[in-house]
$ cat data.cif   # mmCIF, C-alpha atoms
data_my_file
#
loop_
_atom_site.group_PDB
_atom_site.id
_atom_site.type_symbol
_atom_site.label_atom_id
_atom_site.label_comp_id
_atom_site.auth_asym_id
_atom_site.auth_seq_id
_atom_site.Cartn_x
_atom_site.Cartn_y
_atom_site.Cartn_z
ATOM 1 C CA MET A 1 -233.451 58.015 81.309
ATOM 2 C CA VAL A 2 -232.932 55.080 78.947
ATOM 3 C CA LEU A 3 -235.529 52.328 78.444
ATOM 4 C CA HIS A 4 -234.557 48.811 77.307
ATOM 5 C CA LEU A 5 -236.706 46.009 75.933
ATOM 6 C CA THR A 6 -235.988 42.611 74.374
ATOM 7 C CA ALA A 7 -238.624 41.835 71.737
ATOM 8 C CA GLN A 8 -240.691 38.756 72.493
ATOM 9 C CA ARG A 9 -242.661 38.966 69.250
ATOM 10 C CA ARG A 10 -242.315 40.221 65.684
ATOM 11 C CA GLY A 11 -243.744 43.627 64.807
ATOM 12 C CA LYS A 12 -243.116 47.230 63.890
ATOM 13 C CA LEU A 13 -241.036 49.285 66.288
ATOM 14 C CA VAL A 14 -243.876 51.725 66.925
ATOM 15 C CA SER A 15 -246.075 48.919 68.276
ATOM 16 C CA PHE A 16 -243.436 48.063 70.903
ATOM 17 C CA LEU A 17 -243.077 51.723 71.840
ATOM 18 C CA ARG A 18 -246.828 52.084 72.370
ATOM 19 C CA ARG A 19 -247.750 48.662 73.833
ATOM 20 C CA GLU A 20 -244.836 47.180 75.770
ATOM 21 C CA LEU A 21 -243.115 50.438 76.743
ATOM 22 C CA GLY A 22 -246.290 52.500 77.141
ATOM 23 C CA LEU A 23 -245.091 55.669 75.387
ATOM 24 C CA SER A 24 -247.837 58.090 74.414
ATOM 25 C CA SER A 25 -248.384 58.827 70.735
ATOM 26 C CA SER A 26 -247.403 62.472 71.236
ATOM 27 C CA LEU A 27 -244.146 61.478 72.931
ATOM 28 C CA VAL A 28 -243.326 59.007 70.143
ATOM 29 C CA LYS A 29 -243.810 61.775 67.578
ATOM 30 C CA ARG A 30 -241.566 64.156 69.530
ATOM 31 C CA LEU A 31 -238.778 61.642 70.105
ATOM 32 C CA LYS A 32 -238.623 60.175 66.609
ATOM 33 C CA TRP A 33 -237.053 63.403 65.282
ATOM 34 C CA ARG A 34 -234.286 63.190 67.885
ATOM 35 C CA GLY A 35 -232.882 59.783 67.002
ATOM 36 C CA ALA A 36 -234.138 58.456 70.323
ATOM 37 C CA PHE A 37 -235.092 54.970 69.075
ATOM 38 C CA LEU A 38 -232.469 52.284 68.569
ATOM 39 C CA VAL A 39 -232.649 48.611 67.630
ATOM 40 C CA ASN A 40 -229.543 46.555 68.400
ATOM 41 C CA GLY A 41 -227.705 49.816 69.055
ATOM 42 C CA GLU A 42 -228.525 51.429 65.704
ATOM 43 C CA THR A 43 -230.896 54.351 65.161
ATOM 44 C CA ALA A 44 -234.214 53.111 63.799
ATOM 45 C CA HIS A 45 -237.408 54.572 62.352
ATOM 46 C CA THR A 46 -240.733 53.777 63.975
ATOM 47 C CA ASP A 47 -241.831 51.637 60.979
ATOM 48 C CA ARG A 48 -238.792 49.335 61.257
ATOM 49 C CA MET A 49 -239.732 45.674 61.593
ATOM 50 C CA VAL A 50 -238.375 44.196 64.831
ATOM 51 C CA GLU A 51 -237.661 40.479 65.111
ATOM 52 C CA VAL A 52 -237.905 38.258 68.199
ATOM 53 C CA GLY A 53 -234.821 38.694 70.418
ATOM 54 C CA GLU A 54 -233.770 42.078 69.073
ATOM 55 C CA GLU A 55 -232.916 44.802 71.601
ATOM 56 C CA ILE A 56 -234.928 48.006 71.629
ATOM 57 C CA THR A 57 -233.540 51.124 73.325
ATOM 58 C CA VAL A 58 -235.289 54.447 73.912
ATOM 59 C CA VAL A 59 -233.338 57.524 75.021
ATOM 60 C CA LEU A 60 -235.776 59.833 76.817
ATOM 61 C CA SER A 61 -234.441 63.355 76.228
ATOM 62 C CA GLU A 62 -236.012 66.482 77.723
ATOM 63 C CA ASP A 63 -236.146 70.102 76.617
ATOM 64 C CA ALA A 64 -234.602 72.762 78.844
ATOM 65 C CA PRO A 65 -237.237 74.762 80.771
ATOM 66 C CA ASP A 66 -238.120 78.277 79.655
ATOM 67 C CA TYR A 67 -237.447 79.595 83.157
ATOM 68 C CA PRO A 68 -234.083 79.972 84.941
ATOM 69 C CA ALA A 69 -232.506 77.229 87.017
ATOM 70 C CA GLU A 70 -231.720 78.554 90.502
ATOM 71 C CA ASP A 71 -229.977 77.454 93.667
ATOM 72 C CA GLY A 72 -232.423 76.816 96.473
ATOM 73 C CA ALA A 73 -232.899 74.479 99.417
ATOM 74 C CA LEU A 74 -234.727 71.211 98.687
ATOM 75 C CA ASP A 75 -235.778 68.638 101.280
ATOM 76 C CA ILE A 76 -235.648 65.396 99.287
ATOM 77 C CA LEU A 77 -237.816 62.567 100.615
ATOM 78 C CA TYR A 78 -237.189 60.091 97.779
ATOM 79 C CA GLU A 79 -235.324 59.983 94.485
ATOM 80 C CA ASP A 80 -234.538 57.481 91.757
ATOM 81 C CA ASP A 81 -234.085 57.650 87.977
ATOM 82 C CA ALA A 82 -237.799 58.256 87.450
ATOM 83 C CA LEU A 83 -239.109 60.131 90.497
ATOM 84 C CA LEU A 84 -238.271 63.018 92.801
ATOM 85 C CA ALA A 85 -240.339 63.570 95.952
ATOM 86 C CA LEU A 86 -239.869 66.713 98.045
ATOM 87 C CA ASP A 87 -241.066 68.041 101.384
ATOM 88 C CA LYS A 88 -242.306 71.443 100.237
ATOM 89 C CA PRO A 89 -242.243 74.290 102.792
ATOM 90 C CA ALA A 90 -245.096 76.762 103.151
ATOM 91 C CA GLY A 91 -244.874 80.070 101.322
ATOM 92 C CA ILE A 92 -243.340 78.881 98.052
ATOM 93 C CA LEU A 93 -245.055 78.539 94.672
ATOM 94 C CA MET A 94 -244.851 75.246 92.802
ATOM 95 C CA HIS A 95 -243.890 76.674 89.396
ATOM 96 C CA PRO A 96 -243.380 79.969 87.556
ATOM 97 C CA SER A 97 -246.270 81.951 86.119
ATOM 98 C CA PHE A 98 -246.734 84.898 83.780
ATOM 99 C CA HIS A 99 -246.264 87.244 86.744
ATOM 100 C CA ARG A 100 -243.319 85.488 88.409
ATOM 101 C CA ASN A 101 -240.536 83.556 86.705
ATOM 102 C CA THR A 102 -238.129 82.961 89.609
ATOM 103 C CA GLY A 103 -238.029 81.761 93.202
ATOM 104 C CA THR A 104 -240.398 78.806 92.767
ATOM 105 C CA LEU A 105 -239.942 75.137 93.575
ATOM 106 C CA ALA A 106 -239.570 74.362 89.863
ATOM 107 C CA ASN A 107 -236.676 76.844 89.581
ATOM 108 C CA PHE A 108 -234.915 75.153 92.491
ATOM 109 C CA VAL A 109 -235.516 71.660 91.084
ATOM 110 C CA ALA A 110 -234.105 72.731 87.707
ATOM 111 C CA GLY A 111 -231.054 74.085 89.547
ATOM 112 C CA TYR A 112 -230.648 70.808 91.444
ATOM 113 C CA TYR A 113 -230.766 68.800 88.210
ATOM 114 C CA ALA A 114 -228.173 71.098 86.634
ATOM 115 C CA ARG A 115 -225.820 70.819 89.637
ATOM 116 C CA SER A 116 -226.149 67.038 89.811
ATOM 117 C CA GLY A 117 -225.706 66.547 86.052
ATOM 118 C CA GLN A 118 -229.171 65.098 85.458
ATOM 119 C CA ALA A 119 -230.741 65.694 82.047
ATOM 120 C CA CYS A 120 -234.239 65.797 83.538
ATOM 121 C CA ALA A 121 -237.238 68.097 83.347
ATOM 122 C CA VAL A 122 -239.674 69.290 86.001
ATOM 123 C CA HIS A 123 -243.003 67.462 85.672
ATOM 124 C CA PRO A 124 -245.177 67.988 88.786
ATOM 125 C CA VAL A 125 -247.558 65.112 89.506
ATOM 126 C CA SER A 126 -249.013 66.404 92.764
ATOM 127 C CA ARG A 127 -249.410 70.164 93.209
ATOM 128 C CA LEU A 128 -249.800 72.178 96.384
ATOM 129 C CA ASP A 129 -250.970 75.747 96.900
ATOM 130 C CA ARG A 130 -248.333 78.272 97.920
ATOM 131 C CA ASP A 131 -249.083 78.023 101.650
ATOM 132 C CA THR A 132 -249.881 74.294 101.768
ATOM 133 C CA PHE A 133 -246.810 72.299 102.768
ATOM 134 C CA GLY A 134 -245.698 68.666 102.701
ATOM 135 C CA VAL A 135 -245.200 65.918 100.127
ATOM 136 C CA VAL A 136 -245.001 66.786 96.431
ATOM 137 C CA LEU A 137 -244.137 64.292 93.700
ATOM 138 C CA LEU A 138 -242.421 65.081 90.400
ATOM 139 C CA ALA A 139 -241.603 62.934 87.384
ATOM 140 C CA LYS A 140 -238.200 63.323 85.771
ATOM 141 C CA ASN A 141 -239.418 62.922 82.190
ATOM 142 C CA ALA A 142 -242.587 63.106 80.129
ATOM 143 C CA HIS A 143 -242.951 59.316 79.825
ATOM 144 C CA VAL A 144 -242.957 58.738 83.575
ATOM 145 C CA HIS A 145 -245.262 61.728 84.022
ATOM 146 C CA GLY A 146 -247.755 60.182 81.609
ATOM 147 C CA LEU A 147 -247.669 56.847 83.447
ATOM 148 C CA LEU A 148 -248.194 58.564 86.799
ATOM 149 C CA MET A 149 -251.087 60.687 85.581
ATOM 150 C CA ALA A 150 -252.776 57.563 84.205
ATOM 151 C CA ALA A 151 -252.322 55.867 87.591
ATOM 152 C CA LEU A 152 -253.747 58.956 89.291
ATOM 153 C CA ARG A 153 -256.844 58.824 87.062
ATOM 154 C CA ARG A 154 -257.277 55.135 87.918
ATOM 155 C CA GLY A 155 -257.332 55.999 91.618
ATOM 156 C CA SER A 156 -254.014 54.257 92.379
ATOM 157 C CA PHE A 157 -252.765 57.162 94.530
ATOM 158 C CA HIS A 158 -253.668 57.409 98.215
ATOM 159 C CA LYS A 159 -253.207 60.918 99.637
ATOM 160 C CA THR A 160 -253.400 61.858 103.316
ATOM 161 C CA TYR A 161 -253.657 65.463 104.495
ATOM 162 C CA GLU A 162 -254.012 67.011 107.932
ATOM 163 C CA ALA A 163 -255.711 70.335 108.599
ATOM 164 C CA LEU A 164 -256.336 72.580 111.591
ATOM 165 C CA THR A 165 -259.824 74.035 111.492
ATOM 166 C CA TRP A 166 -262.097 76.403 113.348
ATOM 167 C CA GLY A 167 -265.057 74.228 114.197
ATOM 168 C CA CYS A 168 -265.574 70.472 114.082
ATOM 169 C CA PRO A 169 -267.562 68.605 111.416
ATOM 170 C CA ASP A 170 -270.660 66.691 112.438
ATOM 171 C CA PRO A 171 -270.603 63.707 112.201
ATOM 172 C CA PRO A 172 -266.903 63.365 113.145
ATOM 173 C CA GLU A 173 -266.125 61.204 110.108
ATOM 174 C CA GLY A 174 -267.589 60.573 106.712
ATOM 175 C CA ILE A 175 -267.410 61.741 103.086
ATOM 176 C CA TRP A 176 -268.117 65.236 101.799
ATOM 177 C CA ASP A 177 -269.691 64.929 98.373
ATOM 178 C CA ALA A 178 -270.118 68.473 97.066
ATOM 179 C CA PRO A 179 -269.373 69.429 93.427
ATOM 180 C CA LEU A 180 -267.136 72.423 92.816
ATOM 181 C CA GLY A 181 -267.218 75.180 90.220
ATOM 182 C CA ARG A 182 -265.468 78.481 89.573
ATOM 183 C CA VAL A 183 -266.499 81.618 91.398
ATOM 184 C CA PRO A 184 -267.970 83.982 88.760
ATOM 185 C CA GLY A 185 -265.512 86.678 87.750
ATOM 186 C CA GLU A 186 -262.536 84.938 89.362
ATOM 187 C CA SER A 187 -259.826 82.959 87.595
ATOM 188 C CA LEU A 188 -258.862 80.714 90.486
ATOM 189 C CA LEU A 189 -261.338 80.666 93.387
ATOM 190 C CA ARG A 190 -263.863 77.824 93.675
ATOM 191 C CA ARG A 191 -267.210 77.325 95.382
ATOM 192 C CA VAL A 192 -269.685 74.501 95.964
ATOM 193 C CA ASP A 193 -271.848 74.452 92.847
ATOM 194 C CA PRO A 194 -274.477 71.792 91.995
ATOM 195 C CA ALA A 195 -273.568 72.273 88.329
ATOM 196 C CA GLY A 196 -269.821 71.927 89.014
ATOM 197 C CA LYS A 197 -267.438 68.992 88.771
ATOM 198 C CA ILE A 198 -267.750 66.004 91.103
ATOM 199 C CA ALA A 199 -265.611 66.478 94.230
ATOM 200 C CA ARG A 200 -265.401 63.996 97.110
ATOM 201 C CA THR A 201 -263.330 64.142 100.309
ATOM 202 C CA GLU A 202 -263.106 61.537 103.054
ATOM 203 C CA TYR A 203 -262.584 63.130 106.482
ATOM 204 C CA ARG A 204 -262.029 62.112 110.100
ATOM 205 C CA VAL A 205 -261.630 64.166 113.276
ATOM 206 C CA LEU A 206 -258.337 63.324 115.002
ATOM 207 C CA GLU A 207 -258.462 65.783 117.898
ATOM 208 C CA THR A 208 -260.416 68.722 119.282
ATOM 209 C CA GLN A 209 -259.450 71.519 121.657
ATOM 210 C CA GLY A 210 -261.898 74.255 122.504
ATOM 211 C CA GLY A 211 -263.282 75.452 119.183
ATOM 212 C CA LEU A 212 -260.399 73.951 117.191
ATOM 213 C CA ALA A 213 -260.097 70.600 115.435
ATOM 214 C CA ARG A 214 -257.396 68.550 113.724
ATOM 215 C CA LEU A 215 -258.746 66.681 110.725
ATOM 216 C CA GLU A 216 -257.393 63.858 108.586
ATOM 217 C CA LEU A 217 -258.446 64.348 104.968
ATOM 218 C CA HIS A 218 -258.301 62.010 101.976
ATOM 219 C CA PRO A 219 -259.204 63.646 98.655
ATOM 220 C CA LEU A 220 -261.005 61.091 96.481
ATOM 221 C CA THR A 221 -260.964 63.524 93.561
ATOM 222 C CA GLY A 222 -258.415 66.194 92.708
ATOM 223 C CA ARG A 223 -260.236 69.481 92.190
ATOM 224 C CA THR A 224 -258.601 72.888 92.650
ATOM 225 C CA HIS A 225 -258.834 74.035 96.296
ATOM 226 C CA GLN A 226 -261.012 71.006 97.043
ATOM 227 C CA LEU A 227 -259.995 70.462 100.663
ATOM 228 C CA ARG A 228 -260.166 74.141 101.558
ATOM 229 C CA VAL A 229 -263.604 74.648 100.006
ATOM 230 C CA HIS A 230 -265.038 71.436 101.466
ATOM 231 C CA CYS A 231 -263.845 72.327 104.962
ATOM 232 C CA ALA A 232 -265.325 75.817 104.710
ATOM 233 C CA HIS A 233 -268.597 74.483 103.295
ATOM 234 C CA ALA A 234 -268.850 72.003 106.203
ATOM 235 C CA GLY A 235 -268.595 74.872 108.692
ATOM 236 C CA CYS A 236 -264.998 74.178 109.738
ATOM 237 C CA PRO A 237 -262.730 76.480 107.681
ATOM 238 C CA ILE A 238 -258.984 75.889 107.792
ATOM 239 C CA LEU A 239 -257.060 78.186 110.106
ATOM 240 C CA GLY A 240 -255.229 80.953 108.267
ATOM 241 C CA ASP A 241 -257.122 80.478 105.002
ATOM 242 C CA GLY A 242 -257.652 84.030 103.868
ATOM 243 C CA GLN A 243 -259.638 83.035 100.773
ATOM 244 C CA TYR A 244 -262.161 80.581 102.199
ATOM 245 C CA GLY A 245 -261.950 81.145 105.959
ATOM 246 C CA ASN A 246 -264.011 83.361 108.242
ATOM 247 C CA SER A 247 -262.917 85.911 110.851
ATOM 248 C CA GLN A 248 -262.604 83.194 113.515
ATOM 249 C CA ALA A 249 -260.364 81.038 111.318
ATOM 250 C CA MET A 250 -258.168 84.079 110.708
ATOM 251 C CA ALA A 251 -257.964 85.149 114.369
ATOM 252 C CA PHE A 252 -255.010 82.952 115.319
ATOM 253 C CA GLY A 253 -252.258 84.855 113.524
ATOM 254 C CA PHE A 254 -251.342 82.318 110.820
ATOM 255 C CA SER A 255 -250.116 83.851 107.570
ATOM 256 C CA GLY A 256 -251.313 80.898 105.457
ATOM 257 C CA GLN A 257 -253.682 77.952 105.633
ATOM 258 C CA GLN A 258 -252.738 75.240 108.109
ATOM 259 C CA LEU A 259 -252.929 72.364 105.636
ATOM 260 C CA LEU A 260 -250.277 69.634 105.478
ATOM 261 C CA ALA A 261 -249.853 67.066 102.689
ATOM 262 C CA LYS A 262 -248.879 64.381 105.189
ATOM 263 C CA ALA A 263 -248.387 61.251 103.080
ATOM 264 C CA LEU A 264 -248.672 59.830 99.586
ATOM 265 C CA SER A 265 -248.594 56.191 98.541
ATOM 266 C CA LEU A 266 -248.569 54.862 94.971
ATOM 267 C CA PRO A 267 -247.246 52.035 92.816
ATOM 268 C CA HIS A 268 -243.938 52.841 91.147
ATOM 269 C CA PRO A 269 -244.678 53.692 87.492
ATOM 270 C CA LEU A 270 -241.903 51.458 86.136
ATOM 271 C CA THR A 271 -241.650 48.573 88.610
ATOM 272 C CA GLY A 272 -245.072 48.505 90.268
ATOM 273 C CA ALA A 273 -243.441 48.358 93.718
ATOM 274 C CA ALA A 274 -245.239 50.217 96.502
ATOM 275 C CA VAL A 275 -243.797 53.664 97.253
ATOM 276 C CA THR A 276 -244.800 55.476 100.447
ATOM 277 C CA LEU A 277 -243.778 59.089 101.021
ATOM 278 C CA THR A 278 -244.232 60.809 104.382
ATOM 279 C CA SER A 279 -243.620 64.453 105.256
ATOM 280 C CA ARG A 280 -241.169 65.270 108.023
ATOM 281 C CA GLN A 281 -243.165 68.406 108.843
ATOM 282 C CA SER A 282 -246.077 68.703 111.240
ATOM 283 C CA LEU A 283 -248.876 71.075 112.183
ATOM 284 C CA PRO A 284 -248.658 72.893 115.537
ATOM 285 C CA PRO A 285 -250.377 71.231 118.540
ATOM 286 C CA LEU A 286 -253.898 72.457 119.210
ATOM 287 C CA ARG A 287 -253.165 73.029 122.896
ATOM 288 C CA LYS A 288 -250.431 75.554 122.077
ATOM 289 C CA ILE A 289 -252.688 77.432 119.660
ATOM 290 C CA GLN A 290 -255.567 77.496 122.122
ATOM 291 C CA GLY A 291 -253.234 78.520 124.936
ATOM 292 C CA LYS A 292 -252.353 81.774 123.179
ATOM 293 C CA PHE A 293 -255.939 83.020 123.268
#
$ encode --input "data.cif" --output "structure tokens"
Amino acid sequence: MVLHLTAQRRGKLVSFLRRELGLSSSLVKRLKWRGAFLVNGETAHTDRMVEVGEEITVVLSEDAPDYPAEDGALDILYEDDALLALDKPAGILMHPSFHRNTGTLANFVAGYYARSGQACAVHPVSRLDRDTFGVVLLAKNAHVHGLLMAALRRGSFHKTYEALTWGCPDPPEGIWDAPLGRVPGESLLRRVDPAGKIARTEYRVLETQGGLARLELHPLTGRTHQLRVHCAHAGCPILGDGQYGNSQAMAFGFSGQQLLAKALSLPHPLTGAAVTLTSRQSLPPLRKIQGKF
């Protein structure tokens, strides 16, 4: 990606990079050694004085990932020079780890960029557990990723999930406000903990069938496993959730939690225009699940 700016004031180049273009200080330091900054088409140092009307250009280069690029199916919901939004299937990890370096969504995205000739990197903005499916958003470079994460911290994202649960919350809509902390001795699992981090989830019952319910969930914070732990704590664990569910939630034969990242809306990080992303996937109807038992 290449950024362009016509100076409307006099000042040092670094001030335009930080203020008008919004580059982080760490990104400025990384790019300045790559000849990424130009004024009127000529490479410039960050302390160069820029005059009114001069043209500033920033070439946003990215390092190659330290994991292999692979061919793999991607369901693309939206793409432009800054963003890539995918409809992630269940059963696939978001990115490689120490134990597994291949077969993840990040490997497939890196392969897609290589095939399409895009000098981009994989910067996940929204992350889903292996068995959670639906909308995931990625930035194509570190600058856009930084802008998106700042917008996320400001609360500019609106996320909608749907879940199938065993049991129905009472009352049928409201906000779960239960802080979360790590389970002692575990590296990943979470639990409700008064001394933990603030975690808030807005919920609403969409449908019930027998002992089952379909919930609409809006995470107001972004804690690890927040939706799964809050549902379980409210007495309505997500079907198929082997980590936080009970025997009843596991009795319906699902191999993973029935949690769908249904929609995501946000302002575009570069233009401010509204972007709405909606999954093409859906959860199974409650009547069909209930009819099997």
$ residues_near_point --input "data.cif" --point "(-245.8, 66.0, 101.4)" --cutoff "6 Å" --atoms "all atoms listed in the file" --output "list in words"
Asp87, Gly134, Val135, Val136, Ala261, Lys262, Ala263 and Ser279 of chain A
$ write_last_selection --input "data.cif" --atoms "C-alpha atoms" --output "mmCIF file, keeping the file's coordinate frame"
data_model
loop_
_atom_site.group_PDB
_atom_site.id
_atom_site.type_symbol
_atom_site.label_atom_id
_atom_site.label_comp_id
_atom_site.auth_asym_id
_atom_site.auth_seq_id
_atom_site.Cartn_x
_atom_site.Cartn_y
_atom_site.Cartn_z
ATOM 1 C CA ASP A 87 -241.066 68.041 101.384
ATOM 2 C CA GLY A 134 -245.698 68.666 102.701
ATOM 3 C CA VAL A 135 -245.200 65.918 100.127
ATOM 4 C CA VAL A 136 -245.001 66.786 96.431
ATOM 5 C CA ALA A 261 -249.853 67.066 102.689
ATOM 6 C CA LYS A 262 -248.879 64.381 105.189
ATOM 7 C CA ALA A 263 -248.387 61.251 103.080
ATOM 8 C CA SER A 279 -243.620 64.453 105.256
#
$ residues_around --input "data.cif" --residues "His45 (chain A)" --least-positions-apart "3" --cutoff "8 Å" --atoms "only C-alpha atoms" --output "list in words"
Leu13, Lys32, Phe37 and Arg48 of chain A
$ resolve_selection --input "data.cif" --expression "the PyMOL selection byres ((chain A and resi 9) around 8)" --output "list of chain:residue names"
A:Ala7, A:Gln8, A:Arg10, A:Gly11, A:Glu51, A:Val52, A:Gly53
$ resolve_selection --input "data.cif" --expression "the PyMOL selection byres ((chain A and resi 276) around 9)" --output "number ranges by chain"
A: 263-267, 274-275, 277-278
$ resolve_selection --input "data.cif" --expression "the PyMOL selection byres ((chain A and resi 15) around 12)" --output "PyMOL selection string"
chain A and resi 7+9-14+16-25+28+45-50+56
$ residues_around --input "data.cif" --residues "region 115-127 of chain A" --least-positions-apart "5" --cutoff "8 Å" --atoms "all atoms listed in the file" --output "NGL selection string"
:A and (61-65 or 94 or 106 or 109-110 or 136-142 or 145 or 148-149)
$ residues_around --input "data.cif" --residues "Gly91 (chain A)" --least-positions-apart "4" --cutoff "10 Å" --atoms "all atoms listed in the file" --output "MDAnalysis selection string"
chainID A and resid 104 129:133 255:256
$ closest_residue --input "data.cif" --among "A:Lys88, A:His268, A:His230, A:His218" --to "Lys159 (chain A)" --atoms "all atoms listed in the file"
A:His218
